[in-house]
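*Asks:* Sending over a structure as structure tokens; questions will come in a sec.
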Amino acid sequence: MPEVLRIEQLTIDFLSAERIAAVREVSLQVSPGECLGIVGESGSGKSQTFMGALGLLPRSARATGSVRFEGREILDAPRAVLNKIRGSRLSMVFQDPMSSLTPHLRIGTQLAEVLVCHRGMSWRESELAALRMLDRVRVPESKRRLRQYPHQLSGGMRQRVMIAMGLLCEPALMIADEPTTALDVTVQAQIIDLLRTLRHEYGTAFVLISHDLAVVGGLADRILVMYAGRVVESAAARDLLRRPRHPYTAELLRCVPDLSGPPLERMPSLPGQPPDAAQPAAGCEFAPRCPFAVELCRAQRPPLRRLGPGEVACHFPLPS
Amino acid sequence: MSMNRGAMIALWILLGLVALSLAGPWLNPNTIDALDWSHVASSPALANAHWFGTDRLGRDLFVRTLEGTRMSLIVGLVASAVSLAVGVSYGAICGYFGGRTDYWMMRIVEILSGLPLIFFVIFLTVIFGRSEALLFVCIGAVGWLTMARIVRGQTLSVRRREFIEAAVASGAGPGRIIARHIIPNVLGPVIVYATLTVPQIILFESFLSFLGLGVQEPHASLGTLIAEGAVEMQGAPWILLVPGIFLAVLLLCLNIVGDGLRDRLAQEP
Amino acid sequence: MVRYFLKRLAGAIPTLLAIVTLSFFLMRAAPGGPFDREQTLPPEIMANLQKAYGLDQPLWVQYGRYLRALAHGDFGPSFKYKDFSVTELIRQGFPVTLQIGSMALLLALSLGIPMGTWAALHQDTAADYATMSLAVTGIAIPPFVVLPFLGLLFGIYLHWLPVAGWEPGSIRYLVLPVIALTLPPLAVIARLTRGSMLEALHSNYLRTALAKGLPLRTVILRHALRPALTPVAGYLAPAVASIMTGSLVVESIAGLPGIGRYLVQGALNRDYTLVMGMVILYSALLIAMGLLVDLLYAWLDPRVRFDT
């Protein structure tokens, strides 16, 4: 079966005062029904990759490479082409539901307009369908919520609404960008649970973007780790979590506190700062913060290479 | 401090205008109220020293226009200074004392803001006659409200800072604290708003003069000149065009420079 | 919504009362009286005149009578136009002023909002710069300069339109005055719309709307336009004030028989009651405008409705 999404060597630059390389030669694919997790710090390019794929970047952005969705090339496609796909076959759910919903429109309107636009349904039918979807994402008192405005809902409810918006047209792929970041920990667990259930109900493929490895680990089949705009490791979730091959992945795992372990004196964290996107390094971008870095690492950038069932971009990948 | 190119050009033109209005009368032998009966309403000509022509009474337009420009600039700057002084003090007092003083003082500002002050100014000139002192006061009264509001807001945020507490602890009275500590720290937005006020005030003065309620004979303001010109439009268009163009250029340059200044200040960290 | 409106109304009435009171006492505080301009009259005639106009009564009585008259819509007699009361003059002149004023406002809105939106959509292109340069010109150069220039160009040189004058029902005489009145608020509205539209276009919720695959027109009209209009709504009251002051000069220059011209004449003739009546009228109009704007705000942004 053909992949739902295939990205090849996607590179995105921002032309402002300096040339900022946000995404560098990123390649990935998503199979039907699969859940792909993307992990990285802020600035790693994980969100930009998919915003670029959907044509949502500002005018100052330049993208090269290839993005094929359901076999069709969509990178830099004309707006008419993109609008047929966005919201119906391919949807994206954003972080920060507080600012991502239009404040002056009712929830019902914002949900129904997707169906009215893509399915040609009437407003009445669309609102009914929206109501059913709200129930399915477990928003209580759905009928009342439909008539309310975003500021009247809690953060968790707003996130559910955004997810509902993304699923209304039963897309082949839904991209969730940091769906839990703006929420409390208890609500986070609920949302992850919801996504898991919906995945089974709809068979939709998912891309789950997060800086939090724990969130991704609970849902993804495969995980992609990004750093400084590049993919540094990619493997099946189970393998990556148990036996990370890239030092960065290992550090990320170390930062997830283990509730069953002994109490910690300090929260573990990664030393140093993420690299400056305007000044690309000659060698490995992670070298300044890598505990194992040597001269070769700083001089020559390691290419992304197959290693077992996964891929790693490192001169000295960790032993399995 | 450099601004964008358009603003810099406007600034140079503005400075040129100011220089011309100050130095101009020396360049031309005529005075502002000399009546030259041999050249009544004559068109501009280099030959007879009436470079911009003359008006219906034979007065030289070059000198009168420059006088008008000078008058507008003086009124603009003085009245702006007045409204600045009043607005800043009022706002600082409100913000510093807070509480009921602040509440009632701001209510007055609110009520006054909602009124068409210009009509009240016209009303006042009707009552108290057309004295030039009144003119200055009235015009100054136009700009201080927003200034007071801005300064009050700034004062409220500055008031809590440590150096104010230190000043209070060292026994300084409120007047001293306001004058020496608060006001210097709120100047940023004040300067920004002042750049808006000056053209606003010049406009208002010209407007009043145009209606006949502002500057009186024999002094000329760009407003009075334009009023005269509007009457003579049919036969002697230069009487309108010269002061009209001067006023338009003056206001345009002030606005562009103001915009440029504000853009530049907004970029500062 | 109703409760919100009533609250606002309750706040507006004291303001209007304050204006009336202030005007009244200011007027009475004036040095000299309204009859000073004429040749000095013999004292008996002066006394009779004072009596006829009620000026011999104590101040508080005069104030009371004035208020009562106001409540009946009676602004008193004009001191200059002996045969007319201020109310009659208002009734004659108001429709003209209302006509050009509302035409100017509607034009400013219906041209300014699309201009600002268009400039925002084409940010930093030649179209954007051109539109905004026009806007600066509109803001900087006042109607009393623009109108004579327009008259010179279109009236005297091109002979397309009349320079001044008025004919009831004829639009030709209104074209140039309305254009001169429209330019300043048009420019401000265009600038405001562009600014807030840019903000809306860069917002997160607009990104969501685009990601939903909605056509651009829908995204702009349904999602971006409403918040972009909020500052324009806030500008409505100052816009009306600007048009009102503009109408003073425009009517005077173009010879239109509106209340603006009466106010100017009244000011020059020191006709107290006329000027006072006009001031109160204009203030009331502006306050009413402010109320309307508050209502508009509540409709544009639902959050306001629930907070108050």
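Residue numbering restarts at 1 in every chain; chains get A, B, ... in the order shown in the structure tokens, and ligands count up from 1 in that same order.
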Counting only C-alpha atoms, a student should be able to say which residues of chain C come within 7 Å of chain B; what is the right answer, written as a list in words?
*Replies:*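 Residues satisfying the distance criterion: Thr15, Met27, Ala30, Pro31, Thr137, Ala140, Ile141, Val145, Pro148, Leu152, Ile156, Ala241, Ala267, Arg270, Val275, Val279, Ser283 and Ile287 of chain C.
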*Asks:* Could the residues in this selection be written to a file with all heavy atoms, as a tab-separated table (two decimals), in the first residue's frame?
*Replies:*
```
chain	number	residue	atom	x	y	z
C	15	THR	N	-23.18	63.41	31.68
C	15	THR	CA	-22.21	64.13	30.85
C	15	THR	C	-22.90	65.24	30.07
C	15	THR	O	-22.43	66.37	30.01
C	15	THR	CB	-21.55	63.15	29.86
C	15	THR	OG1	-21.11	62.00	30.56
C	15	THR	CG2	-20.38	63.81	29.18
C	27	MET	N	-21.51	81.13	29.26
C	27	MET	CA	-22.12	82.16	28.46
C	27	MET	C	-22.48	83.38	29.30
C	27	MET	O	-22.25	84.52	28.94
C	27	MET	CB	-23.39	81.59	27.80
C	27	MET	CG	-23.96	82.47	26.73
C	27	MET	SD	-25.26	81.60	25.89
C	27	MET	CE	-26.67	82.39	26.60
C	30	ALA	N	-19.67	85.75	30.38
C	30	ALA	CA	-18.96	86.54	29.38
C	30	ALA	C	-18.97	88.01	29.70
C	30	ALA	O	-19.98	88.55	30.13
C	30	ALA	CB	-19.59	86.31	28.01
C	31	PRO	N	-17.83	88.66	29.46
C	31	PRO	CA	-17.81	90.11	29.65
C	31	PRO	C	-18.69	90.79	28.60
C	31	PRO	O	-18.70	90.40	27.45
C	31	PRO	CB	-16.33	90.48	29.45
C	31	PRO	CG	-15.78	89.37	28.65
C	31	PRO	CD	-16.55	88.15	28.99
C	137	THR	N	-1.28	61.51	3.31
C	137	THR	CA	-1.72	62.78	2.74
C	137	THR	C	-3.11	63.15	3.24
C	137	THR	O	-3.37	64.29	3.62
C	137	THR	CB	-1.75	62.69	1.20
C	137	THR	OG1	-0.60	62.00	0.76
C	137	THR	CG2	-1.80	64.05	0.58
C	140	ALA	N	-2.80	64.32	6.84
C	140	ALA	CA	-2.06	65.54	7.11
C	140	ALA	C	-2.76	66.79	6.60
C	140	ALA	O	-2.77	67.81	7.28
C	140	ALA	CB	-0.68	65.44	6.48
C	141	ILE	N	-3.33	66.72	5.40
C	141	ILE	CA	-3.85	67.94	4.79
C	141	ILE	C	-5.34	68.10	5.10
C	141	ILE	O	-6.15	67.26	4.74
C	141	ILE	CB	-3.62	67.90	3.27
C	141	ILE	CG1	-2.15	67.62	3.01
C	141	ILE	CG2	-4.03	69.21	2.64
C	141	ILE	CD1	-1.80	67.58	1.55
C	145	VAL	N	-7.96	73.10	3.25
C	145	VAL	CA	-6.96	73.27	2.19
C	145	VAL	C	-7.39	72.47	0.96
C	145	VAL	O	-7.30	72.93	-0.17
C	145	VAL	CB	-5.57	72.79	2.67
C	145	VAL	CG1	-4.58	72.83	1.54
C	145	VAL	CG2	-5.11	73.64	3.83
C	148	PRO	N	-10.63	74.06	-1.36
C	148	PRO	CA	-10.31	75.09	-2.35
C	148	PRO	C	-9.47	74.54	-3.51
C	148	PRO	O	-9.69	74.91	-4.65
C	148	PRO	CB	-9.54	76.14	-1.56
C	148	PRO	CG	-9.95	75.93	-0.16
C	148	PRO	CD	-10.21	74.47	-0.02
C	152	LEU	N	-10.45	74.61	-7.32
C	152	LEU	CA	-9.59	75.20	-8.34
C	152	LEU	C	-9.42	74.26	-9.52
C	152	LEU	O	-9.58	74.64	-10.68
C	152	LEU	CB	-8.22	75.50	-7.71
C	152	LEU	CG	-7.33	76.51	-8.42
C	152	LEU	CD1	-8.03	77.85	-8.47
C	152	LEU	CD2	-6.01	76.64	-7.68
C	156	ILE	N	-12.61	75.47	-11.62
C	156	ILE	CA	-12.15	76.59	-12.43
C	156	ILE	C	-11.38	76.15	-13.66
C	156	ILE	O	-11.57	76.67	-14.75
C	156	ILE	CB	-11.34	77.56	-11.55
C	156	ILE	CG1	-12.28	78.13	-10.49
C	156	ILE	CG2	-10.72	78.65	-12.38
C	156	ILE	CD1	-11.64	79.10	-9.57
C	241	ALA	N	-16.66	63.31	14.95
C	241	ALA	CA	-16.18	64.61	15.42
C	241	ALA	C	-15.38	65.30	14.33
C	241	ALA	O	-15.53	66.49	14.08
C	241	ALA	CB	-15.34	64.44	16.68
C	267	ALA	N	-20.54	82.44	15.58
C	267	ALA	CA	-19.32	82.75	16.30
C	267	ALA	C	-18.80	84.13	15.92
C	267	ALA	O	-18.37	84.90	16.77
C	267	ALA	CB	-18.27	81.68	16.02
C	270	ARG	N	-21.07	86.80	17.40
C	270	ARG	CA	-21.28	86.70	18.85
C	270	ARG	C	-22.75	86.47	19.18
C	270	ARG	O	-23.31	87.09	20.07
C	270	ARG	CB	-20.76	87.94	19.56
C	270	ARG	CG	-19.29	88.17	19.27
C	270	ARG	CD	-18.69	89.20	20.16
C	270	ARG	NE	-18.34	88.61	21.46
C	270	ARG	CZ	-17.66	89.25	22.39
C	270	ARG	NH1	-17.27	90.49	22.18
C	270	ARG	NH2	-17.39	88.68	23.52
C	275	VAL	N	-24.78	79.83	19.13
C	275	VAL	CA	-23.57	79.04	19.33
C	275	VAL	C	-23.78	77.98	20.40
C	275	VAL	O	-23.39	76.82	20.25
C	275	VAL	CB	-22.39	79.96	19.72
C	275	VAL	CG1	-21.18	79.12	20.10
C	275	VAL	CG2	-22.04	80.88	18.57
C	279	VAL	N	-23.46	73.97	20.06
C	279	VAL	CA	-22.51	73.20	20.88
C	279	VAL	C	-23.22	72.04	21.56
C	279	VAL	O	-22.74	70.91	21.58
C	279	VAL	CB	-21.83	74.11	21.92
C	279	VAL	CG1	-21.07	73.28	22.92
C	279	VAL	CG2	-20.89	75.07	21.22
C	283	SER	N	-22.56	68.13	20.85
C	283	SER	CA	-22.15	67.27	21.96
C	283	SER	C	-23.08	66.08	22.09
C	283	SER	O	-22.64	64.94	22.27
C	283	SER	CB	-22.13	68.04	23.27
C	283	SER	OG	-21.33	69.18	23.16
C	287	ILE	N	-22.13	62.17	21.87
C	287	ILE	CA	-22.38	61.22	22.95
C	287	ILE	C	-23.20	60.05	22.42
C	287	ILE	O	-22.94	58.88	22.74
C	287	ILE	CB	-23.10	61.92	24.12
C	287	ILE	CG1	-22.13	62.89	24.79
C	287	ILE	CG2	-23.62	60.91	25.12
C	287	ILE	CD1	-22.76	63.71	25.88
```
*Asks:* Taking only C-alpha atoms into account, find every residue of chain C that has an atom no more than 8 Å from chain A, and write it out as a PyMOL selection string.
*Replies:* chain C and resi 203-208+210-215+223+226-227+300-303
*Asks:* For the residues in the current selection, export C-alpha atoms as an mmCIF file, in the first residue's frame.
*Replies:*
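Okay, this is what ended up in part19.cif:
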```cif
data_model
loop_
_atom_site.group_PDB
_atom_site.id
_atom_site.type_symbol
_atom_site.label_atom_id
_atom_site.label_comp_id
_atom_site.auth_asym_id
_atom_site.auth_seq_id
_atom_site.Cartn_x
_atom_site.Cartn_y
_atom_site.Cartn_z
ATOM 1 C CA SER C 203 -2.543 35.187 14.370
ATOM 2 C CA ASN C 204 -2.758 31.544 15.372
ATOM 3 C CA TYR C 205 -6.452 31.240 14.735
ATOM 4 C CA LEU C 206 -6.000 32.379 11.185
ATOM 5 C CA ARG C 207 -3.458 29.623 10.702
ATOM 6 C CA THR C 208 -6.060 27.168 11.935
ATOM 7 C CA LEU C 210 -6.203 28.150 6.607
ATOM 8 C CA ALA C 211 -5.297 24.640 7.735
ATOM 9 C CA LYS C 212 -8.969 23.737 7.513
ATOM 10 C CA GLY C 213 -8.792 24.263 3.790
ATOM 11 C CA LEU C 214 -11.281 27.129 3.735
ATOM 12 C CA PRO C 215 -11.122 29.396 0.674
ATOM 13 C CA HIS C 223 -12.262 34.984 10.565
ATOM 14 C CA ARG C 226 -14.283 41.071 12.551
ATOM 15 C CA PRO C 227 -11.349 41.530 14.928
ATOM 16 C CA LEU C 300 -17.947 42.623 17.497
ATOM 17 C CA ASP C 301 -16.250 41.026 20.467
ATOM 18 C CA PRO C 302 -18.445 38.651 22.469
ATOM 19 C CA ARG C 303 -16.043 38.745 25.377
#
```
*Asks:* Need the shell around Thr193 (chain C): protein/DNA/RNA residues with any atom at most 6 Å away, counting only C-alpha atoms. Skip same-chain ones fewer than 2 positions apart. Format as JSON, numbers by chain?
*Replies:* {"C": [113, 116, 189, 190, 191, 195, 196, 197, 228]}
*Asks:* Kindly export the residues of the current selection with N, CA, C and O atoms, as a JSON list (two decimals), in the first residue's frame.
*Replies:*
```json
[["chain", "number", "residue", "atom", "x", "y", "z"],
["C", 113, "ILE", "N", -12.15, 50.58, 4.57],
["C", 113, "ILE", "CA", -11.96, 49.21, 5.04],
["C", 113, "ILE", "C", -11.41, 48.32, 3.93],
["C", 113, "ILE", "O", -10.41, 47.60, 4.14],
["C", 116, "GLY", "N", -7.70, 49.27, 3.33],
["C", 116, "GLY", "CA", -6.81, 48.79, 4.38],
["C", 116, "GLY", "C", -6.60, 47.29, 4.29],
["C", 116, "GLY", "O", -5.48, 46.79, 4.45],
["C", 189, "ILE", "N", -9.15, 55.36, 8.70],
["C", 189, "ILE", "CA", -9.78, 54.04, 8.70],
["C", 189, "ILE", "C", -8.93, 53.05, 7.91],
["C", 189, "ILE", "O", -8.75, 51.90, 8.32],
["C", 190, "ALA", "N", -8.38, 53.51, 6.78],
["C", 190, "ALA", "CA", -7.55, 52.61, 5.99],
["C", 190, "ALA", "C", -6.33, 52.18, 6.79],
["C", 190, "ALA", "O", -5.97, 50.99, 6.83],
["C", 191, "ARG", "N", -5.71, 53.13, 7.47],
["C", 191, "ARG", "CA", -4.52, 52.79, 8.27],
["C", 191, "ARG", "C", -4.86, 51.82, 9.39],
["C", 191, "ARG", "O", -4.15, 50.85, 9.63],
["C", 195, "GLY", "N", -3.51, 47.92, 9.85],
["C", 195, "GLY", "CA", -2.76, 47.49, 11.03],
["C", 195, "GLY", "C", -3.39, 46.29, 11.71],
["C", 195, "GLY", "O", -2.72, 45.29, 11.96],
["C", 196, "SER", "N", -4.69, 46.37, 11.99],
["C", 196, "SER", "CA", -5.29, 45.27, 12.72],
["C", 196, "SER", "C", -5.50, 44.06, 11.83],
["C", 196, "SER", "O", -5.51, 42.93, 12.31],
["C", 197, "MET", "N", -5.65, 44.28, 10.53],
["C", 197, "MET", "CA", -5.78, 43.14, 9.62],
["C", 197, "MET", "C", -4.47, 42.38, 9.58],
["C", 197, "MET", "O", -4.46, 41.15, 9.57],
["C", 228, "ALA", "N", -10.45, 42.69, 13.00],
["C", 228, "ALA", "CA", -9.77, 43.83, 12.38],
["C", 228, "ALA", "C", -10.61, 45.08, 12.46],
["C", 228, "ALA", "O", -10.09, 46.20, 12.40]]
```
*Asks:* Between C:Ala288, C:Val86, C:Leu150, C:Val178, which residue has the minimum interatomic distance to Ile243 (chain C), considering only C-alpha atoms?
*Replies:*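 Going through C:Ala288, C:Val86, C:Leu150, C:Val178 one by one, the smallest distance to Ile243 (chain C) is for C:Val178.
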*Asks:* What does the distance between CA of Leu187 (chain B) and CA of Ala233 (chain C) come to in Å, to one decimal place?
*Replies:*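 Going from CA of Leu187 (chain B) over to CA of Ala233 (chain C) covers 29.7 Å.
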*Asks:* What is the CA of Ile74 (chain B) to CA of His50 (chain B) distance in Å?
*Replies:*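 We find that CA of Ile74 (chain B) and CA of His50 (chain B) lie 25.0 Å from each other.
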*Asks:* Per DSSP on the backbone, what are the alpha helix (DSSP H) residues of region 44-269 of chain B, as a ChimeraX atom specification?
*Replies:* /B:61-97,99-114,117-128,132-159,162-169,174-177,183-185,187-211,222-231,238-267
*Asks:* Quick one: which region 200-296 of chain A residues come within 8 Å of region 178-195 of chain A, and what is the nearest atom pair for each with the distance in Å to one decimal, counting only C-alpha atoms, rows ordered by chain and ascending number, as JSON lines?
*Replies:*
```
{"residue": "A:Leu208", "atom": "CA", "partner": "A:Glu178", "partner_atom": "CA", "distance": 7.4}
{"residue": "A:Ile209", "atom": "CA", "partner": "A:Glu178", "partner_atom": "CA", "distance": 5.4}
{"residue": "A:Ser210", "atom": "CA", "partner": "A:Glu178", "partner_atom": "CA", "distance": 4.8}
{"residue": "A:His211", "atom": "CA", "partner": "A:Glu178", "partner_atom": "CA", "distance": 7.5}
{"residue": "A:Val215", "atom": "CA", "partner": "A:Ile192", "partner_atom": "CA", "distance": 7.4}
{"residue": "A:Gly218", "atom": "CA", "partner": "A:Ile192", "partner_atom": "CA", "distance": 7.7}
{"residue": "A:Leu219", "atom": "CA", "partner": "A:Ile192", "partner_atom": "CA", "distance": 7.4}
```
*Asks:* Could you give me, as a VMD selection string, the residues within 12 Å of region 121-126 of chain C, counting only C-alpha atoms and dropping anything in the same chain fewer than 3 positions from it?
*Replies:* (chain A and resid 58 to 60) or (chain C and resid 114 to 118 129 to 133 193 to 202 216 to 217 220 224 to 225)
*Asks:* Within 10 Å of Val175 (chain C), counting only C-alpha atoms, which residues qualify if same-chain residues fewer than 5 places away don't, as an MDAnalysis selection string?
*Replies:* chainID C and resid 100 103 161:163 170 180
*Asks:* I'd like to know which of C:Ile13, C:Leu291, C:Val136, C:Ala120 is closest to Val257 (chain B), using only C-alpha atoms.
*Replies:* C:Val136
*Asks:* Let's see if you can do this: from backbone DSSP, list all strand (DSSP E) residues in region 61-162 of chain A, as a list in words.
*Replies:*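 DSSP on the backbone gives strand (DSSP E) at Ala61, Arg62, Ala63, Thr64, Gly65, Ser66, Val67, Arg68, Phe69, Arg72, Glu73, Leu90, Ser91, Met92 and Val93 of chain A.
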*Asks:* Give me, please, the distance in Å between CA of Gly53 (chain B) and CA of Pro142 (chain C), quoted to one decimal.
*Replies:* 24.4 Å
*Asks:* Between A:Glu233, A:Glu41, A:Glu251, A:Glu295, single out the one closest to Cys314 (chain A), counting only C-alpha atoms.
*Replies:*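 With only C-alpha atoms as the atom set, the closest residue is A:Glu233.
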